[in-house]
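Peer 1: This is query_1.txt, which holds compact mmCIF, N, CA and C atoms:
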# COMPACT_ATOMS: atom_id res chain seq x y z
N MET A 1 -46.73 -61.22 -63.27
CA MET A 1 -46.06 -60.11 -63.89
C MET A 1 -45.88 -59.00 -62.86
N SER A 2 -44.71 -58.40 -62.85
CA SER A 2 -44.43 -57.35 -61.88
C SER A 2 -45.24 -56.09 -62.17
N ILE A 3 -45.36 -55.27 -61.16
CA ILE A 3 -46.08 -54.00 -61.31
C ILE A 3 -45.40 -53.12 -62.34
N GLU A 4 -44.07 -53.13 -62.35
CA GLU A 4 -43.34 -52.31 -63.31
C GLU A 4 -43.63 -52.74 -64.74
N LYS A 5 -43.67 -54.04 -64.97
CA LYS A 5 -43.96 -54.53 -66.32
C LYS A 5 -45.38 -54.19 -66.73
N GLN A 6 -46.30 -54.29 -65.79
CA GLN A 6 -47.70 -53.93 -66.09
C GLN A 6 -47.80 -52.45 -66.46
N GLU A 7 -47.11 -51.60 -65.71
CA GLU A 7 -47.11 -50.17 -66.00
C GLU A 7 -46.48 -49.89 -67.36
N LEU A 8 -45.41 -50.61 -67.67
CA LEU A 8 -44.75 -50.45 -68.96
C LEU A 8 -45.70 -50.83 -70.10
N LEU A 9 -46.37 -51.95 -69.96
CA LEU A 9 -47.31 -52.37 -70.99
C LEU A 9 -48.44 -51.35 -71.19
N LYS A 10 -48.96 -50.82 -70.10
CA LYS A 10 -50.01 -49.80 -70.21
C LYS A 10 -49.50 -48.57 -70.94
N SER A 11 -48.28 -48.16 -70.62
CA SER A 11 -47.70 -46.99 -71.28
C SER A 11 -47.49 -47.24 -72.77
N ILE A 12 -47.02 -48.43 -73.10
CA ILE A 12 -46.78 -48.77 -74.50
C ILE A 12 -48.09 -48.74 -75.29
N GLU A 13 -49.15 -49.25 -74.68
CA GLU A 13 -50.45 -49.29 -75.37
C GLU A 13 -50.97 -47.91 -75.72
N THR A 14 -50.54 -46.88 -75.00
CA THR A 14 -51.03 -45.53 -75.27
C THR A 14 -50.18 -44.79 -76.30
N LEU A 15 -49.06 -45.36 -76.71
CA LEU A 15 -48.17 -44.68 -77.64
C LEU A 15 -48.68 -44.76 -79.08
N PRO A 16 -48.41 -43.72 -79.85
CA PRO A 16 -48.70 -43.80 -81.29
C PRO A 16 -47.75 -44.82 -81.94
N GLU A 17 -48.16 -45.36 -83.06
CA GLU A 17 -47.40 -46.42 -83.74
C GLU A 17 -45.95 -46.02 -84.03
N GLU A 18 -45.73 -44.77 -84.43
CA GLU A 18 -44.37 -44.32 -84.76
C GLU A 18 -43.44 -44.42 -83.54
N LEU A 19 -43.97 -44.09 -82.38
CA LEU A 19 -43.15 -44.16 -81.17
C LEU A 19 -42.90 -45.60 -80.75
N ILE A 20 -43.85 -46.48 -81.03
CA ILE A 20 -43.66 -47.90 -80.70
C ILE A 20 -42.49 -48.45 -81.50
N VAL A 21 -42.40 -48.08 -82.76
CA VAL A 21 -41.28 -48.52 -83.60
C VAL A 21 -39.97 -48.01 -83.02
N GLN A 22 -39.93 -46.75 -82.64
CA GLN A 22 -38.71 -46.19 -82.04
C GLN A 22 -38.39 -46.87 -80.72
N LEU A 23 -39.41 -47.17 -79.94
CA LEU A 23 -39.21 -47.86 -78.66
C LEU A 23 -38.61 -49.25 -78.87
N LEU A 24 -39.12 -49.97 -79.87
CA LEU A 24 -38.57 -51.29 -80.17
C LEU A 24 -37.10 -51.20 -80.58
N ASP A 25 -36.78 -50.20 -81.40
CA ASP A 25 -35.38 -49.99 -81.79
C ASP A 25 -34.51 -49.71 -80.57
N TYR A 26 -35.00 -48.87 -79.67
CA TYR A 26 -34.24 -48.54 -78.47
C TYR A 26 -34.06 -49.77 -77.57
N MET A 27 -35.09 -50.59 -77.48
CA MET A 27 -34.99 -51.81 -76.66
C MET A 27 -33.93 -52.75 -77.23
N GLU A 28 -33.88 -52.87 -78.56
CA GLU A 28 -32.85 -53.70 -79.19
C GLU A 28 -31.46 -53.13 -78.91
N TYR A 29 -31.36 -51.81 -78.95
CA TYR A 29 -30.09 -51.15 -78.63
C TYR A 29 -29.67 -51.46 -77.19
N LEU A 30 -30.61 -51.38 -76.26
CA LEU A 30 -30.28 -51.68 -74.86
C LEU A 30 -29.83 -53.11 -74.68
N LYS A 31 -30.50 -54.05 -75.35
CA LYS A 31 -30.09 -55.46 -75.25
C LYS A 31 -28.69 -55.64 -75.83
N PHE A 32 -28.43 -55.00 -76.96
CA PHE A 32 -27.12 -55.10 -77.60
C PHE A 32 -26.02 -54.55 -76.70
N THR A 33 -26.25 -53.36 -76.12
CA THR A 33 -25.23 -52.78 -75.27
C THR A 33 -25.01 -53.61 -74.01
N SER A 34 -26.05 -54.26 -73.52
CA SER A 34 -25.90 -55.13 -72.36
C SER A 34 -25.00 -56.31 -72.70
N VAL A 35 -25.20 -56.90 -73.87
CA VAL A 35 -24.36 -58.02 -74.30
C VAL A 35 -22.92 -57.56 -74.45
N ILE A 36 -22.72 -56.43 -75.09
CA ILE A 36 -21.37 -55.90 -75.30
C ILE A 36 -20.69 -55.60 -73.98
N ASN A 37 -21.41 -54.98 -73.06
CA ASN A 37 -20.82 -54.61 -71.77
C ASN A 37 -20.47 -55.82 -70.92
N ASN A 38 -21.14 -56.95 -71.15
CA ASN A 38 -20.89 -58.14 -70.36
C ASN A 38 -19.99 -59.15 -71.06
N ALA A 39 -19.62 -58.87 -72.30
CA ALA A 39 -18.77 -59.79 -73.05
C ALA A 39 -17.32 -59.67 -72.59
N PRO A 40 -16.57 -60.77 -72.67
CA PRO A 40 -15.13 -60.68 -72.34
C PRO A 40 -14.46 -59.66 -73.26
N LYS A 41 -13.57 -58.87 -72.70
CA LYS A 41 -12.93 -57.77 -73.44
C LYS A 41 -12.17 -58.25 -74.68
N ASP A 42 -11.63 -59.47 -74.64
CA ASP A 42 -10.88 -59.94 -75.80
C ASP A 42 -11.78 -60.31 -76.97
N LEU A 43 -13.10 -60.34 -76.77
CA LEU A 43 -14.03 -60.61 -77.86
C LEU A 43 -14.55 -59.33 -78.51
N ILE A 44 -14.31 -58.20 -77.89
CA ILE A 44 -14.80 -56.93 -78.41
C ILE A 44 -13.79 -56.36 -79.39
N ILE A 45 -14.25 -56.01 -80.58
CA ILE A 45 -13.38 -55.39 -81.58
C ILE A 45 -13.59 -53.89 -81.49
N LYS A 46 -12.53 -53.18 -81.11
CA LYS A 46 -12.63 -51.75 -80.86
C LYS A 46 -12.58 -50.91 -82.13
N ASP A 47 -11.73 -51.33 -83.06
CA ASP A 47 -11.56 -50.57 -84.30
C ASP A 47 -10.90 -51.47 -85.33
N GLU A 48 -10.60 -50.92 -86.49
CA GLU A 48 -10.03 -51.71 -87.58
C GLU A 48 -8.67 -52.30 -87.19
N LYS A 49 -7.84 -51.51 -86.51
CA LYS A 49 -6.52 -51.99 -86.09
C LYS A 49 -6.67 -53.19 -85.14
N ASP A 50 -7.61 -53.09 -84.20
CA ASP A 50 -7.85 -54.17 -83.25
C ASP A 50 -8.33 -55.43 -83.97
N LEU A 51 -9.20 -55.25 -84.98
CA LEU A 51 -9.67 -56.39 -85.76
C LEU A 51 -8.52 -57.08 -86.46
N ILE A 52 -7.65 -56.31 -87.09
CA ILE A 52 -6.50 -56.90 -87.79
C ILE A 52 -5.61 -57.65 -86.82
N GLU A 53 -5.35 -57.08 -85.63
CA GLU A 53 -4.51 -57.74 -84.63
C GLU A 53 -5.14 -59.07 -84.19
N LYS A 54 -6.46 -59.07 -83.96
CA LYS A 54 -7.13 -60.29 -83.52
C LYS A 54 -7.11 -61.36 -84.61
N LEU A 55 -7.31 -60.94 -85.86
CA LEU A 55 -7.24 -61.90 -86.97
C LEU A 55 -5.84 -62.48 -87.11
N GLU A 56 -4.82 -61.63 -86.97
CA GLU A 56 -3.44 -62.12 -87.04
C GLU A 56 -3.14 -63.09 -85.91
N GLU A 57 -3.64 -62.80 -84.69
CA GLU A 57 -3.46 -63.72 -83.56
C GLU A 57 -4.14 -65.04 -83.85
N GLY A 58 -5.33 -64.97 -84.43
CA GLY A 58 -6.07 -66.20 -84.76
C GLY A 58 -5.34 -67.04 -85.79
N LEU A 59 -4.80 -66.38 -86.81
CA LEU A 59 -4.04 -67.11 -87.82
C LEU A 59 -2.78 -67.74 -87.23
N GLN A 60 -2.13 -67.02 -86.32
CA GLN A 60 -0.95 -67.57 -85.66
C GLN A 60 -1.33 -68.77 -84.80
N ASP A 61 -2.45 -68.69 -84.10
CA ASP A 61 -2.92 -69.83 -83.31
C ASP A 61 -3.16 -71.05 -84.20
N ILE A 62 -3.74 -70.83 -85.37
CA ILE A 62 -3.98 -71.94 -86.30
C ILE A 62 -2.66 -72.55 -86.73
N GLU A 63 -1.69 -71.70 -87.09
CA GLU A 63 -0.37 -72.20 -87.51
C GLU A 63 0.32 -72.96 -86.38
N ASP A 64 0.12 -72.51 -85.14
CA ASP A 64 0.75 -73.16 -83.99
C ASP A 64 -0.01 -74.40 -83.52
N GLY A 65 -1.17 -74.65 -84.11
CA GLY A 65 -1.97 -75.82 -83.72
C GLY A 65 -2.83 -75.58 -82.50
N ASN A 66 -2.98 -74.33 -82.08
CA ASN A 66 -3.81 -73.99 -80.92
C ASN A 66 -5.26 -73.81 -81.37
N VAL A 67 -5.90 -74.92 -81.68
CA VAL A 67 -7.28 -74.87 -82.16
C VAL A 67 -8.15 -75.82 -81.34
N CYS A 68 -9.45 -75.65 -81.45
CA CYS A 68 -10.37 -76.54 -80.76
C CYS A 68 -11.48 -76.93 -81.73
N SER A 69 -12.25 -77.93 -81.35
CA SER A 69 -13.36 -78.35 -82.20
C SER A 69 -14.48 -77.32 -82.13
N LEU A 70 -15.39 -77.41 -83.06
CA LEU A 70 -16.53 -76.51 -83.07
C LEU A 70 -17.38 -76.70 -81.81
N ASP A 71 -17.54 -77.96 -81.37
CA ASP A 71 -18.29 -78.23 -80.15
C ASP A 71 -17.64 -77.58 -78.94
N GLU A 72 -16.31 -77.66 -78.85
CA GLU A 72 -15.60 -77.02 -77.74
C GLU A 72 -15.76 -75.51 -77.78
N ALA A 73 -15.74 -74.94 -78.98
CA ALA A 73 -15.90 -73.50 -79.12
C ALA A 73 -17.27 -73.07 -78.62
N PHE A 74 -18.32 -73.82 -79.03
CA PHE A 74 -19.66 -73.48 -78.58
C PHE A 74 -19.83 -73.67 -77.07
N GLU A 75 -19.15 -74.64 -76.49
CA GLU A 75 -19.20 -74.82 -75.03
C GLU A 75 -18.61 -73.60 -74.33
N GLU A 76 -17.50 -73.09 -74.85
CA GLU A 76 -16.89 -71.90 -74.26
C GLU A 76 -17.81 -70.68 -74.39
N ILE A 77 -18.45 -70.57 -75.54
CA ILE A 77 -19.38 -69.46 -75.75
C ILE A 77 -20.53 -69.55 -74.76
N GLU A 78 -21.07 -70.73 -74.58
CA GLU A 78 -22.18 -70.94 -73.64
C GLU A 78 -21.77 -70.53 -72.22
N LYS A 79 -20.54 -70.85 -71.84
CA LYS A 79 -20.06 -70.50 -70.49
C LYS A 79 -20.02 -69.00 -70.31
N SER A 80 -19.63 -68.27 -71.36
CA SER A 80 -19.48 -66.83 -71.21
C SER A 80 -20.81 -66.10 -71.24
N LEU A 81 -21.87 -66.77 -71.68
CA LEU A 81 -23.19 -66.14 -71.70
C LEU A 81 -23.85 -66.44 -70.41
Kindly return the structure encoded in the file as structure tokens.
Peer 2:
Amino acid sequence: MSIEKQELLKSIETLPEELIVQLLDYMEYLKFTSVINNAPKDLIIKDEKDLIEKLEEGLQDIEDGNVCSLDEAFEEIEKSL
């Protein structure tokens, strides 16, 4: 374990329970923002208008036959992570 992680653990152990809960929430937020910041831009929904546009594009792709199997979709997701 790195020195930084050891120091972090020591600091966490000294915190009151209420702050530990807040720290866990903040850590989840940091992980979430990291995923969002590293995700391909076309997967990020910016607002309601963007969601509607993406859904309409998806429906058009289905109508045009531009679809893939579930296994292929998960393979693409794995590549982007």
Peer 1: Do you have the atom CA of A:Lys79-atom CA of A:Ala39 distance handy?
Peer 2: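 Computed distance, atom CA of A:Lys79 to atom CA of A:Ala39, equals 11.1 Å.
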Peer 1: How many Å lie between atom CA of A:Ser80 and atom C of A:Pro40, rounded to one decimal?
Peer 2: 9.0 Å
Peer 1: If you run DSSP on this backbone, which residues of chain A come out as alpha helix (DSSP H), and could you give them as an mmCIF file with N, CA and C atoms, keeping the file's coordinate frame?
Peer 2:
data_model
loop_
_atom_site.group_PDB
_atom_site.id
_atom_site.type_symbol
_atom_site.label_atom_id
_atom_site.label_comp_id
_atom_site.auth_asym_id
_atom_site.auth_seq_id
_atom_site.Cartn_x
_atom_site.Cartn_y
_atom_site.Cartn_z
ATOM 1 N N ILE A 3 -45.360 -55.270 -61.160
ATOM 2 C CA ILE A 3 -46.080 -54.000 -61.310
ATOM 3 C C ILE A 3 -45.400 -53.120 -62.340
ATOM 4 N N GLU A 4 -44.070 -53.130 -62.350
ATOM 5 C CA GLU A 4 -43.340 -52.310 -63.310
ATOM 6 C C GLU A 4 -43.630 -52.740 -64.740
ATOM 7 N N LYS A 5 -43.670 -54.040 -64.970
ATOM 8 C CA LYS A 5 -43.960 -54.530 -66.320
ATOM 9 C C LYS A 5 -45.380 -54.190 -66.730
ATOM 10 N N GLN A 6 -46.300 -54.290 -65.790
ATOM 11 C CA GLN A 6 -47.700 -53.930 -66.090
ATOM 12 C C GLN A 6 -47.800 -52.450 -66.460
ATOM 13 N N GLU A 7 -47.110 -51.600 -65.710
ATOM 14 C CA GLU A 7 -47.110 -50.170 -66.000
ATOM 15 C C GLU A 7 -46.480 -49.890 -67.360
ATOM 16 N N LEU A 8 -45.410 -50.610 -67.670
ATOM 17 C CA LEU A 8 -44.750 -50.450 -68.960
ATOM 18 C C LEU A 8 -45.700 -50.830 -70.100
ATOM 19 N N LEU A 9 -46.370 -51.950 -69.960
ATOM 20 C CA LEU A 9 -47.310 -52.370 -70.990
ATOM 21 C C LEU A 9 -48.440 -51.350 -71.190
ATOM 22 N N LYS A 10 -48.960 -50.820 -70.100
ATOM 23 C CA LYS A 10 -50.010 -49.800 -70.210
ATOM 24 C C LYS A 10 -49.500 -48.570 -70.940
ATOM 25 N N SER A 11 -48.280 -48.160 -70.620
ATOM 26 C CA SER A 11 -47.700 -46.990 -71.280
ATOM 27 C C SER A 11 -47.490 -47.240 -72.770
ATOM 28 N N ILE A 12 -47.020 -48.430 -73.100
ATOM 29 C CA ILE A 12 -46.780 -48.770 -74.500
ATOM 30 C C ILE A 12 -48.090 -48.740 -75.290
ATOM 31 N N GLU A 13 -49.150 -49.250 -74.680
ATOM 32 C CA GLU A 13 -50.450 -49.290 -75.370
ATOM 33 C C GLU A 13 -50.970 -47.910 -75.720
ATOM 34 N N GLU A 17 -48.160 -45.360 -83.060
ATOM 35 C CA GLU A 17 -47.400 -46.420 -83.740
ATOM 36 C C GLU A 17 -45.950 -46.020 -84.030
ATOM 37 N N GLU A 18 -45.730 -44.770 -84.430
ATOM 38 C CA GLU A 18 -44.370 -44.320 -84.760
ATOM 39 C C GLU A 18 -43.440 -44.420 -83.540
ATOM 40 N N LEU A 19 -43.970 -44.090 -82.380
ATOM 41 C CA LEU A 19 -43.150 -44.160 -81.170
ATOM 42 C C LEU A 19 -42.900 -45.600 -80.750
ATOM 43 N N ILE A 20 -43.850 -46.480 -81.030
ATOM 44 C CA ILE A 20 -43.660 -47.900 -80.700
ATOM 45 C C ILE A 20 -42.490 -48.450 -81.500
ATOM 46 N N VAL A 21 -42.400 -48.080 -82.760
ATOM 47 C CA VAL A 21 -41.280 -48.520 -83.600
ATOM 48 C C VAL A 21 -39.970 -48.010 -83.020
ATOM 49 N N GLN A 22 -39.930 -46.750 -82.640
ATOM 50 C CA GLN A 22 -38.710 -46.190 -82.040
ATOM 51 C C GLN A 22 -38.390 -46.870 -80.720
ATOM 52 N N LEU A 23 -39.410 -47.170 -79.940
ATOM 53 C CA LEU A 23 -39.210 -47.860 -78.660
ATOM 54 C C LEU A 23 -38.610 -49.250 -78.870
ATOM 55 N N LEU A 24 -39.120 -49.970 -79.870
ATOM 56 C CA LEU A 24 -38.570 -51.290 -80.170
ATOM 57 C C LEU A 24 -37.100 -51.200 -80.580
ATOM 58 N N ASP A 25 -36.780 -50.200 -81.400
ATOM 59 C CA ASP A 25 -35.380 -49.990 -81.790
ATOM 60 C C ASP A 25 -34.510 -49.710 -80.570
ATOM 61 N N TYR A 26 -35.000 -48.870 -79.670
ATOM 62 C CA TYR A 26 -34.240 -48.540 -78.470
ATOM 63 C C TYR A 26 -34.060 -49.770 -77.570
ATOM 64 N N MET A 27 -35.090 -50.590 -77.480
ATOM 65 C CA MET A 27 -34.990 -51.810 -76.660
ATOM 66 C C MET A 27 -33.930 -52.750 -77.230
ATOM 67 N N GLU A 28 -33.880 -52.870 -78.560
ATOM 68 C CA GLU A 28 -32.850 -53.700 -79.190
ATOM 69 C C GLU A 28 -31.460 -53.130 -78.910
ATOM 70 N N TYR A 29 -31.360 -51.810 -78.950
ATOM 71 C CA TYR A 29 -30.090 -51.150 -78.630
ATOM 72 C C TYR A 29 -29.670 -51.460 -77.190
ATOM 73 N N LEU A 30 -30.610 -51.380 -76.260
ATOM 74 C CA LEU A 30 -30.280 -51.680 -74.860
ATOM 75 C C LEU A 30 -29.830 -53.110 -74.680
ATOM 76 N N LYS A 31 -30.500 -54.050 -75.350
ATOM 77 C CA LYS A 31 -30.090 -55.460 -75.250
ATOM 78 C C LYS A 31 -28.690 -55.640 -75.830
ATOM 79 N N PHE A 32 -28.430 -55.000 -76.960
ATOM 80 C CA PHE A 32 -27.120 -55.100 -77.600
ATOM 81 C C PHE A 32 -26.020 -54.550 -76.700
ATOM 82 N N THR A 33 -26.250 -53.360 -76.120
ATOM 83 C CA THR A 33 -25.230 -52.780 -75.270
ATOM 84 C C THR A 33 -25.010 -53.610 -74.010
ATOM 85 N N SER A 34 -26.050 -54.260 -73.520
ATOM 86 C CA SER A 34 -25.900 -55.130 -72.360
ATOM 87 C C SER A 34 -25.000 -56.310 -72.700
ATOM 88 N N VAL A 35 -25.200 -56.900 -73.870
ATOM 89 C CA VAL A 35 -24.360 -58.020 -74.300
ATOM 90 C C VAL A 35 -22.920 -57.560 -74.450
ATOM 91 N N ILE A 36 -22.720 -56.430 -75.090
ATOM 92 C CA ILE A 36 -21.370 -55.900 -75.300
ATOM 93 C C ILE A 36 -20.690 -55.600 -73.980
ATOM 94 N N ASN A 37 -21.410 -54.980 -73.060
ATOM 95 C CA ASN A 37 -20.820 -54.610 -71.770
ATOM 96 C C ASN A 37 -20.470 -55.820 -70.920
ATOM 97 N N ASN A 38 -21.140 -56.950 -71.150
ATOM 98 C CA ASN A 38 -20.890 -58.140 -70.360
ATOM 99 C C ASN A 38 -19.990 -59.150 -71.060
ATOM 100 N N GLU A 48 -10.600 -50.920 -86.490
ATOM 101 C CA GLU A 48 -10.030 -51.710 -87.580
ATOM 102 C C GLU A 48 -8.670 -52.300 -87.190
ATOM 103 N N LYS A 49 -7.840 -51.510 -86.510
ATOM 104 C CA LYS A 49 -6.520 -51.990 -86.090
ATOM 105 C C LYS A 49 -6.670 -53.190 -85.140
ATOM 106 N N ASP A 50 -7.610 -53.090 -84.200
ATOM 107 C CA ASP A 50 -7.850 -54.170 -83.250
ATOM 108 C C ASP A 50 -8.330 -55.430 -83.970
ATOM 109 N N LEU A 51 -9.200 -55.250 -84.980
ATOM 110 C CA LEU A 51 -9.670 -56.390 -85.760
ATOM 111 C C LEU A 51 -8.520 -57.080 -86.460
ATOM 112 N N ILE A 52 -7.650 -56.310 -87.090
ATOM 113 C CA ILE A 52 -6.500 -56.900 -87.790
ATOM 114 C C ILE A 52 -5.610 -57.650 -86.820
ATOM 115 N N GLU A 53 -5.350 -57.080 -85.630
ATOM 116 C CA GLU A 53 -4.510 -57.740 -84.630
ATOM 117 C C GLU A 53 -5.140 -59.070 -84.190
ATOM 118 N N LYS A 54 -6.460 -59.070 -83.960
ATOM 119 C CA LYS A 54 -7.130 -60.290 -83.520
ATOM 120 C C LYS A 54 -7.110 -61.360 -84.610
ATOM 121 N N LEU A 55 -7.310 -60.940 -85.860
ATOM 122 C CA LEU A 55 -7.240 -61.900 -86.970
ATOM 123 C C LEU A 55 -5.840 -62.480 -87.110
ATOM 124 N N GLU A 56 -4.820 -61.630 -86.970
ATOM 125 C CA GLU A 56 -3.440 -62.120 -87.040
ATOM 126 C C GLU A 56 -3.140 -63.090 -85.910
ATOM 127 N N GLU A 57 -3.640 -62.800 -84.690
ATOM 128 C CA GLU A 57 -3.460 -63.720 -83.560
ATOM 129 C C GLU A 57 -4.140 -65.040 -83.850
ATOM 130 N N GLY A 58 -5.330 -64.970 -84.430
ATOM 131 C CA GLY A 58 -6.070 -66.200 -84.760
ATOM 132 C C GLY A 58 -5.340 -67.040 -85.790
ATOM 133 N N LEU A 59 -4.800 -66.380 -86.810
ATOM 134 C CA LEU A 59 -4.040 -67.110 -87.820
ATOM 135 C C LEU A 59 -2.780 -67.740 -87.230
ATOM 136 N N GLN A 60 -2.130 -67.020 -86.320
ATOM 137 C CA GLN A 60 -0.950 -67.570 -85.660
ATOM 138 C C GLN A 60 -1.330 -68.770 -84.800
ATOM 139 N N ASP A 61 -2.450 -68.690 -84.100
ATOM 140 C CA ASP A 61 -2.920 -69.830 -83.310
ATOM 141 C C ASP A 61 -3.160 -71.050 -84.200
ATOM 142 N N ILE A 62 -3.740 -70.830 -85.370
ATOM 143 C CA ILE A 62 -3.980 -71.940 -86.300
ATOM 144 C C ILE A 62 -2.660 -72.550 -86.730
ATOM 145 N N GLU A 63 -1.690 -71.700 -87.090
ATOM 146 C CA GLU A 63 -0.370 -72.200 -87.510
ATOM 147 C C GLU A 63 0.320 -72.960 -86.380
ATOM 148 N N ASP A 64 0.120 -72.510 -85.140
ATOM 149 C CA ASP A 64 0.750 -73.160 -83.990
ATOM 150 C C ASP A 64 -0.010 -74.400 -83.520
ATOM 151 N N LEU A 70 -15.390 -77.410 -83.060
ATOM 152 C CA LEU A 70 -16.530 -76.510 -83.070
ATOM 153 C C LEU A 70 -17.380 -76.700 -81.810
ATOM 154 N N ASP A 71 -17.540 -77.960 -81.370
ATOM 155 C CA ASP A 71 -18.290 -78.230 -80.150
ATOM 156 C C ASP A 71 -17.640 -77.580 -78.940
ATOM 157 N N GLU A 72 -16.310 -77.660 -78.850
ATOM 158 C CA GLU A 72 -15.600 -77.020 -77.740
ATOM 159 C C GLU A 72 -15.760 -75.510 -77.780
ATOM 160 N N ALA A 73 -15.740 -74.940 -78.980
ATOM 161 C CA ALA A 73 -15.900 -73.500 -79.120
ATOM 162 C C ALA A 73 -17.270 -73.070 -78.620
ATOM 163 N N PHE A 74 -18.320 -73.820 -79.030
ATOM 164 C CA PHE A 74 -19.660 -73.480 -78.580
ATOM 165 C C PHE A 74 -19.830 -73.670 -77.070
ATOM 166 N N GLU A 75 -19.150 -74.640 -76.490
ATOM 167 C CA GLU A 75 -19.200 -74.820 -75.030
ATOM 168 C C GLU A 75 -18.610 -73.600 -74.330
ATOM 169 N N GLU A 76 -17.500 -73.090 -74.850
ATOM 170 C CA GLU A 76 -16.890 -71.900 -74.260
ATOM 171 C C GLU A 76 -17.810 -70.680 -74.390
ATOM 172 N N ILE A 77 -18.450 -70.570 -75.540
ATOM 173 C CA ILE A 77 -19.380 -69.460 -75.750
ATOM 174 C C ILE A 77 -20.530 -69.550 -74.760
ATOM 175 N N GLU A 78 -21.070 -70.730 -74.580
ATOM 176 C CA GLU A 78 -22.180 -70.940 -73.640
ATOM 177 C C GLU A 78 -21.770 -70.530 -72.220
ATOM 178 N N LYS A 79 -20.540 -70.850 -71.840
ATOM 179 C CA LYS A 79 -20.060 -70.500 -70.490
ATOM 180 C C LYS A 79 -20.020 -69.000 -70.310
ATOM 181 N N SER A 80 -19.630 -68.270 -71.360
ATOM 182 C CA SER A 80 -19.480 -66.830 -71.210
ATOM 183 C C SER A 80 -20.810 -66.100 -71.240
#
Peer 1: For a test of reading the model, state the distance in Å between atom CA of A:Leu15 and atom CA of A:Ser34, rounded to one decimal.
Peer 2: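 If I compute the distance from atom CA of A:Leu15 to atom CA of A:Ser34, I get 25.2 Å.
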Peer 1: For stretch 17-24 of chain A, take all atoms listed in the file, fit an axis-aligned box around them, add 8 Å to each of the six sides, then output centre and edge lengths in Å rounded to one decimal, as lines of an AutoDock Vina configuration file.
Peer 2:
center_x = -42.6
center_y = -47.7
center_z = -81.7
size_x = 27.1
size_y = 23.2
size_z = 22.1
Peer 1: For A:Asp42, which residue out of A:Gly58, A:Ser2, A:Leu30, A:Glu18 is the nearest one, using only C-alpha atoms?
Peer 2: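 Between A:Gly58, A:Ser2, A:Leu30, A:Glu18, the residue approaching A:Asp42 most closely is A:Gly58.
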